[in-house]
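Enquirer: File name input-v6.cif; file contents mmCIF, C-alpha atoms and all ligand atoms; full text below.
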data_coords
#
loop_
_atom_site.group_PDB
_atom_site.id
_atom_site.type_symbol
_atom_site.label_atom_id
_atom_site.label_comp_id
_atom_site.auth_asym_id
_atom_site.auth_seq_id
_atom_site.Cartn_x
_atom_site.Cartn_y
_atom_site.Cartn_z
ATOM 1 C CA MET P 182 -9.615 -6.474 -28.701
ATOM 2 C CA THR P 183 -9.805 -8.821 -25.772
ATOM 3 C CA ILE P 184 -8.765 -7.007 -22.645
ATOM 4 C CA PHE P 185 -9.220 -9.736 -20.136
ATOM 5 C CA CYS P 186 -8.977 -13.464 -20.059
ATOM 6 C CA ALA P 187 -12.416 -14.950 -20.464
ATOM 7 C CA LYS P 188 -11.152 -18.437 -19.709
ATOM 8 C CA ARG P 189 -9.886 -17.356 -16.313
ATOM 9 C CA PHE P 190 -13.236 -15.777 -15.587
ATOM 10 C CA LEU P 191 -14.981 -18.976 -16.527
ATOM 11 C CA ILE P 192 -12.861 -20.997 -14.118
ATOM 12 C CA ARG P 193 -13.329 -18.487 -11.346
ATOM 13 C CA HIS P 194 -17.043 -18.336 -11.783
ATOM 14 C CA LEU P 195 -17.441 -22.079 -11.908
ATOM 15 C CA ASN P 196 -15.741 -22.168 -8.535
ATOM 16 C CA MET P 197 -17.788 -19.334 -7.180
ATOM 17 C CA GLN P 198 -20.470 -20.115 -4.688
ATOM 18 C CA LEU P 199 -23.212 -17.648 -3.991
ATOM 19 C CA PRO P 200 -22.775 -16.272 -0.500
ATOM 20 C CA LEU P 201 -26.379 -16.842 0.486
ATOM 21 C CA CYS P 202 -25.635 -17.902 4.024
ATOM 22 C CA SER P 203 -22.032 -16.839 4.189
ATOM 23 C CA LYS P 204 -20.846 -13.985 6.350
ATOM 24 C CA ALA P 205 -18.228 -13.002 3.814
ATOM 25 C CA LEU P 206 -19.173 -9.745 2.152
ATOM 26 C CA VAL P 207 -18.921 -10.218 -1.570
ATOM 27 C CA MET P 208 -20.193 -7.626 -3.977
ATOM 28 C CA ILE P 209 -22.332 -9.374 -6.548
ATOM 29 C CA ILE P 210 -24.935 -8.313 -9.077
ATOM 30 C CA VAL P 211 -27.828 -10.701 -9.487
ATOM 31 C CA VAL P 212 -28.524 -10.716 -13.206
ATOM 32 C CA GLY P 213 -32.306 -10.848 -12.780
ATOM 33 C CA GLN P 214 -32.226 -7.637 -10.737
ATOM 34 C CA ILE P 215 -30.877 -5.597 -13.628
ATOM 35 C CA SER P 216 -33.814 -3.820 -15.204
ATOM 36 C CA GLU P 217 -33.805 -4.265 -18.961
ATOM 37 C CA GLU P 218 -35.267 -0.775 -19.337
ATOM 38 C CA GLU P 219 -33.226 1.291 -16.894
ATOM 39 C CA GLY P 220 -30.291 -0.901 -16.020
ATOM 40 C CA LEU P 221 -28.774 -0.892 -12.564
ATOM 41 C CA ARG P 222 -26.471 1.815 -11.303
ATOM 42 C CA ILE P 223 -23.938 0.875 -8.642
ATOM 43 C CA HIS P 224 -21.606 3.086 -6.689
ATOM 44 C CA HIS P 225 -19.640 1.172 -4.107
ATOM 45 C CA LEU P 226 -16.930 2.471 -1.842
ATOM 46 C CA TYR P 227 -15.098 -0.610 -0.587
ATOM 47 C CA PRO P 228 -13.835 -0.938 2.978
ATOM 48 C CA GLU P 229 -10.157 -0.207 3.586
ATOM 49 C CA GLY P 230 -7.882 -2.611 1.657
ATOM 50 C CA GLU P 231 -10.670 -4.664 0.063
ATOM 51 C CA PRO P 232 -11.156 -6.752 -1.946
ATOM 52 C CA HIS P 233 -8.073 -8.852 -1.298
ATOM 53 C CA LEU P 234 -5.992 -9.504 -4.376
ATOM 54 C CA GLU P 235 -5.078 -13.053 -5.294
ATOM 55 C CA GLU P 236 -1.481 -12.125 -5.953
ATOM 56 C CA THR P 237 0.477 -11.795 -2.756
ATOM 57 C CA ASP P 238 2.989 -9.259 -4.054
ATOM 58 C CA SER P 239 0.420 -6.510 -4.569
ATOM 59 C CA ARG P 240 -2.376 -5.224 -2.375
ATOM 60 C CA ILE P 241 -5.058 -2.584 -2.336
ATOM 61 C CA LYS P 242 -4.571 0.444 -0.126
ATOM 62 C CA GLY P 243 -7.308 2.753 0.986
ATOM 63 C CA ARG P 244 -10.868 2.439 -0.252
ATOM 64 C CA PRO P 245 -11.454 1.497 -3.902
ATOM 65 C CA ASP P 246 -14.277 3.419 -5.533
ATOM 66 C CA LEU P 247 -16.303 1.404 -8.020
ATOM 67 C CA CYS P 248 -18.897 3.145 -10.149
ATOM 68 C CA LEU P 249 -20.803 1.381 -12.895
ATOM 69 C CA LEU P 250 -23.943 1.009 -14.922
ATOM 70 C CA ALA P 251 -25.132 -2.541 -15.572
ATOM 71 C CA THR P 252 -27.451 -3.050 -18.522
ATOM 72 C CA ARG P 253 -29.074 -6.242 -19.683
ATOM 73 C CA ALA P 254 -30.505 -7.656 -22.887
ATOM 74 C CA GLY P 255 -31.900 -11.092 -22.104
ATOM 75 C CA ASP P 256 -29.084 -12.916 -20.338
ATOM 76 C CA GLU P 257 -26.327 -10.756 -21.803
ATOM 77 C CA VAL P 258 -25.044 -8.185 -19.321
ATOM 78 C CA GLN P 259 -22.887 -5.168 -20.008
ATOM 79 C CA LEU P 260 -20.919 -3.382 -17.287
ATOM 80 C CA GLU P 261 -19.656 0.087 -18.059
ATOM 81 C CA GLY P 262 -17.897 2.024 -15.400
ATOM 82 C CA SER P 263 -14.754 3.097 -13.633
ATOM 83 C CA LEU P 264 -12.563 2.013 -10.764
ATOM 84 C CA LYS P 265 -10.419 4.334 -8.700
ATOM 85 C CA ALA P 266 -8.039 2.683 -6.279
ATOM 86 C CA MET P 267 -4.577 2.862 -4.775
ATOM 87 C CA VAL P 268 -2.436 -0.236 -5.183
ATOM 88 C CA GLU P 269 0.796 -1.070 -3.434
ATOM 89 C CA PHE P 270 3.438 -3.490 -4.685
ATOM 90 C CA ASP P 271 7.120 -4.252 -4.196
ATOM 91 C CA CYS P 272 9.901 -3.432 -6.640
ATOM 92 C CA ASP P 273 10.875 -6.753 -8.257
ATOM 93 C CA ARG P 274 14.570 -6.054 -7.658
ATOM 94 C CA CYS P 275 15.007 -4.034 -4.470
ATOM 95 C CA LEU P 276 11.659 -4.780 -2.773
ATOM 96 C CA LYS P 277 11.003 -1.099 -2.128
ATOM 97 C CA VAL P 278 7.270 -0.553 -1.564
ATOM 98 C CA LEU P 279 5.703 1.385 -4.426
ATOM 99 C CA SER P 280 2.204 2.766 -4.738
ATOM 100 C CA LEU P 281 0.238 3.396 -7.887
ATOM 101 C CA PRO P 282 -3.028 5.287 -8.205
ATOM 102 C CA ILE P 283 -5.401 3.490 -10.553
ATOM 103 C CA ASP P 284 -8.144 5.129 -12.553
ATOM 104 C CA GLN P 285 -9.488 2.529 -14.957
ATOM 105 C CA THR P 286 -12.537 2.689 -17.142
ATOM 106 C CA PHE P 287 -14.050 -0.537 -18.404
ATOM 107 C CA ASP P 288 -16.711 -1.830 -20.736
ATOM 108 C CA LEU P 289 -17.316 -5.541 -20.204
ATOM 109 C CA VAL P 290 -19.825 -7.987 -21.536
ATOM 110 C CA TYR P 291 -20.915 -11.072 -19.611
ATOM 111 C CA ILE P 292 -22.863 -14.047 -20.827
ATOM 112 C CA PRO P 293 -23.876 -17.342 -19.198
ATOM 113 C CA PRO P 294 -21.386 -20.219 -19.644
ATOM 114 C CA LEU P 295 -21.198 -21.643 -23.146
ATOM 115 C CA LYS P 296 -22.820 -24.986 -23.791
ATOM 116 C CA PRO P 297 -20.387 -27.940 -23.835
ATOM 117 C CA SER P 298 -20.494 -28.233 -27.642
ATOM 118 C CA GLY P 299 -18.539 -25.004 -27.527
ATOM 119 C CA ALA P 300 -16.403 -25.154 -30.701
ATOM 120 C CA HIS P 301 -18.900 -23.304 -32.842
ATOM 121 C CA ASP P 302 -19.659 -20.723 -30.147
ATOM 122 C CA GLU P 303 -15.991 -20.042 -29.501
ATOM 123 C CA LYS P 304 -15.516 -19.234 -33.145
ATOM 124 C CA GLU P 305 -18.350 -16.763 -32.971
ATOM 125 C CA LEU P 306 -16.847 -15.157 -29.896
ATOM 126 C CA GLY P 307 -13.481 -14.937 -31.580
ATOM 127 C CA ASN P 308 -14.994 -12.887 -34.372
ATOM 128 C CA ASP P 309 -16.448 -10.448 -31.905
ATOM 129 C CA ASP P 310 -14.315 -7.523 -30.918
ATOM 130 C CA LEU P 311 -15.868 -7.207 -27.492
ATOM 131 C CA SER P 312 -14.253 -8.652 -24.420
ATOM 132 C CA VAL P 313 -16.576 -11.281 -23.084
ATOM 133 C CA GLY P 314 -16.663 -12.878 -19.663
ATOM 134 C CA PHE P 315 -18.903 -15.551 -18.268
ATOM 135 C CA TYR P 316 -21.114 -15.515 -15.234
ATOM 136 C CA GLN P 317 -22.299 -18.485 -13.270
ATOM 137 C CA GLY P 318 -25.302 -18.953 -11.045
ATOM 138 C CA GLN P 319 -27.136 -15.870 -12.331
ATOM 139 C CA ALA P 320 -24.704 -13.508 -10.624
ATOM 140 C CA ILE P 321 -21.635 -11.444 -11.443
ATOM 141 C CA ASP P 322 -18.945 -11.040 -8.810
ATOM 142 C CA LEU P 323 -17.910 -7.383 -8.715
ATOM 143 C CA ASP P 324 -14.912 -8.173 -6.503
ATOM 144 C CA ASP P 325 -13.520 -10.109 -9.449
ATOM 145 C CA VAL P 326 -14.160 -7.151 -11.736
ATOM 146 C CA VAL P 327 -12.135 -4.989 -9.355
ATOM 147 C CA ARG P 328 -9.314 -7.561 -9.176
ATOM 148 C CA GLU P 329 -9.201 -7.864 -12.942
ATOM 149 C CA GLN P 330 -9.062 -4.090 -13.428
ATOM 150 C CA VAL P 331 -6.275 -3.773 -10.873
ATOM 151 C CA GLU P 332 -4.324 -6.518 -12.640
ATOM 152 C CA LEU P 333 -4.741 -4.735 -15.970
ATOM 153 C CA ALA P 334 -3.548 -1.453 -14.506
ATOM 154 C CA LEU P 335 -0.410 -2.866 -12.902
ATOM 155 C CA PRO P 336 2.733 -2.571 -15.028
ATOM 156 C CA MET P 337 4.278 -5.777 -16.394
ATOM 157 C CA SER P 338 7.660 -5.077 -14.875
ATOM 158 C CA ARG P 339 7.345 -3.654 -11.434
ATOM 159 C CA LEU P 340 10.448 -1.635 -10.824
ATOM 160 C CA CYS P 341 11.048 1.482 -8.734
ATOM 161 C CA LYS P 342 13.073 2.754 -11.717
ATOM 162 C CA GLU P 343 14.155 1.081 -14.942
ATOM 163 C CA ASP P 344 17.793 0.813 -13.910
ATOM 164 C CA CYS P 345 17.119 -0.333 -10.351
ATOM 165 C CA LEU P 346 20.274 -2.109 -9.171
ATOM 166 C CA GLY P 347 18.456 -4.391 -6.770
ATOM 167 C CA LEU P 348 19.869 -5.965 -3.637
ATOM 168 C CA CYS P 349 23.308 -7.479 -3.125
ATOM 169 C CA GLN P 350 22.807 -11.238 -3.212
ATOM 170 C CA GLN P 351 25.364 -11.705 -0.471
ATOM 171 C CA CYS P 352 24.627 -9.072 2.142
ATOM 172 C CA GLY P 353 21.207 -7.850 1.044
ATOM 173 C CA ALA P 354 22.253 -4.199 0.860
ATOM 174 C CA ASP P 355 20.263 -1.928 -1.453
ATOM 175 C CA LEU P 356 22.762 -1.287 -4.255
ATOM 176 C CA ASN P 357 20.855 1.847 -5.323
ATOM 177 C CA GLU P 358 22.229 3.477 -2.210
ATOM 178 C CA GLY P 359 25.845 2.696 -3.126
ATOM 179 C CA ALA P 360 28.127 -0.317 -3.426
ATOM 180 C CA CYS P 361 28.328 -2.600 -0.421
ATOM 181 C CA GLN P 362 31.439 -4.023 1.203
ATOM 182 C CA CYS P 363 31.221 -7.409 -0.580
ATOM 183 C CA ASP P 364 31.804 -5.893 -4.038
ATOM 184 C CA GLY P 365 32.658 -9.009 -6.052
ATOM 185 C CA ARG P 366 34.525 -10.804 -3.281
ATOM 186 C CA GLU P 367 33.092 -13.974 -1.797
ATOM 187 C CA SER P 368 32.805 -12.874 1.752
ATOM 188 C CA ASP P 369 30.110 -15.222 2.932
ATOM 189 C CA PRO P 370 31.743 -17.350 5.630
ATOM 190 C CA ARG P 371 29.639 -20.341 4.610
ATOM 191 C CA TRP P 372 31.367 -20.435 1.226
ATOM 192 C CA GLU P 373 34.785 -20.130 2.850
ATOM 193 C CA ALA P 374 33.964 -23.116 5.050
ATOM 194 C CA LEU P 375 32.932 -25.149 2.012
ATOM 195 C CA LYS P 376 36.187 -24.343 0.229
ATOM 196 C CA GLU P 377 38.232 -25.538 3.173
ATOM 197 C CA LEU P 378 36.261 -28.758 3.284
ATOM 198 C CA LYS P 379 37.086 -29.425 -0.342
ATOM 199 C CA PHE P 380 40.812 -28.928 0.199
ATOM 200 C CA ASP P 381 40.897 -31.080 3.326
ATOM 201 C CA ASN P 382 39.446 -34.015 1.464
HETATM 202 ZN ZN ZN M 1 13.971 -1.149 -7.050
HETATM 203 ZN ZN ZN M 2 26.922 -7.002 -0.373
#
So, in terms of structure tokens, how does the structure I just supplied come out?
Ligand SMILES: [Zn+2]
Ligand SMILES: [Zn+2]

Expert:
Amino acid sequence: MTIFCAKRFLIRHLNMQLPLCSKALVMIIVVGQISEEEGLRIHHLYPEGEPHLEETDSRIKGRPDLCLLATRAGDEVQLEGSLKAMVEFDCDRCLKVLSLPIDQTFDLVYIPPLKPSGAHDEKELGNDDLSVGFYQGQAIDLDDVVREQVELALPMSRLCKEDCLGLCQQCGADLNEGACQCDGRESDPRWEALKELKFDN
């Protein structure tokens, strides 16, 4: 069972630059620092609202709590842990702000990027039931792990309730709170003006 998109990880990690001189705080694990005997235990309480999500219609609220054990066999890394966070997003129909507590557990395997002659390797990966991601530059970006887990936890359809009536397309009223004045009639003055134009010509 593949629970996250390895290809997307590959692209992200190819673009990733190690923040050696950067001021930006990025949580990364340097692969070489994971002890092959004892692993590396990480408990990180993020600052308020971090890391920023790539999607603009959802955001992290409060302080995400990331707890994991990284283990390593050669250059293969396994991350087992949990993420607790509060995420806020808008109802797709009425734009009401909704919040969702997230409590995800994960078990992820990371390997270095595949060699270009990848066809054979991809087949091997496909036979494996583990979800596999790639790391680049000897480091794994934990912010991306958090983002990915948040994405997985968010529902596909983001509605305040299944039968949300949404907003009136003419006046913007929330139809969950009752019918608006427009109610089927074309009351937008701009449309009326257009109609008149048509008749005049
Ligand atoms: Zn709604
Ligand atoms: Zn209306």

Enquirer: Show me which residues are within 8 Å of ligand ZN 2 (chain M) counting only C-alpha atoms and all ligand atoms, and format the list as a short mmCIF file (atom, residue, chain, number, x, y, z; two decimals) with C-alpha atoms, in the coordinates of the input.

Expert:
data_model
loop_
_atom_site.label_atom_id
_atom_site.label_comp_id
_atom_site.auth_asym_id
_atom_site.auth_seq_id
_atom_site.Cartn_x
_atom_site.Cartn_y
_atom_site.Cartn_z
CA LEU P 348 19.87 -5.96 -3.64
CA CYS P 349 23.31 -7.48 -3.12
CA GLN P 350 22.81 -11.24 -3.21
CA GLN P 351 25.36 -11.70 -0.47
CA CYS P 352 24.63 -9.07 2.14
CA GLY P 353 21.21 -7.85 1.04
CA ALA P 354 22.25 -4.20 0.86
CA ALA P 360 28.13 -0.32 -3.43
CA CYS P 361 28.33 -2.60 -0.42
CA GLN P 362 31.44 -4.02 1.20
CA CYS P 363 31.22 -7.41 -0.58
CA ASP P 364 31.80 -5.89 -4.04
#

Enquirer: Starting from the shown file, work through the PyMOL selection byres (((not hetatm)) within 7 of (chain M and resi 1)) and note down what comes out as a list in words.

Expert: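 This file, filtered by the PyMOL selection byres (((not hetatm)) within 7 of (chain M and resi 1)), leaves Cys272, Asp273, Arg274, Cys275, Leu276, Lys277, Leu340, Cys341, Lys342, Cys345, Leu346 and Gly347 of chain P.
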
Enquirer: Running the PyMOL selection byres (((chain P and resi 228) around 12) and not hetatm) on this model by hand, what would come out? Give it as a ChimeraX atom specification.

Expert: /P:206-208,225-227,229-233,241-247,266,324

Enquirer: Convert the output of the PyMOL selection byres (((chain P and resi 249-264) around 8) and not hetatm) on the shown file into explicit residues, formatted as a PyMOL selection string.

Expert: chain P and resi 212+215-217+219-224+245-248+265-266+283-293+327+330

Enquirer: What gap, in Å, lies between atom CA of Val211 of chain P and atom CA of Val331 of chain P?

Expert: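 These atoms are spaced 22.7 Å apart.
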
Enquirer: For a quick check of understanding, using only C-alpha atoms, which of P:Met337, P:Leu281, P:Ala320, P:Val326 has the smallest distance to Ile209 of chain P?

Expert: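 Comparing P:Met337, P:Leu281, P:Ala320, P:Val326 against Ile209 of chain P, the winner is P:Ala320.
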
Enquirer: Which value, in Å to one decimal, gives the distance between atom CA of Asp271 of chain P and atom CA of Pro336 of chain P?

Expert: 11.8 Å

Enquirer: Between atom CA of Glu236 of chain P and atom CA of Glu358 of chain P, what distance in Å does the model show, to one decimal?

Expert: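 So the two atoms, atom CA of Glu236 of chain P and atom CA of Glu358 of chain P, lie 28.6 Å apart.
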
Enquirer: Report as lines of an AutoDock Vina configuration file the centre and the edge lengths, in Å to one decimal, of the axis-aligned box holding every listed atom of segment 310-327 of chain P, padded by 4 Å on each side.

Expert:
center_x = -19.6
center_y = -12.0
center_z = -18.7
size_x = 23.0
size_y = 22.0
size_z = 32.4

Enquirer: Point out the residue among P:Phe270, P:Pro282, P:Tyr316, P:Pro294 with the least atom-to-atom distance to Ser338 of chain P, counting only C-alpha atoms.

Expert: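 Using only C-alpha atoms, the shortest distance to Ser338 of chain P belongs to P:Phe270.
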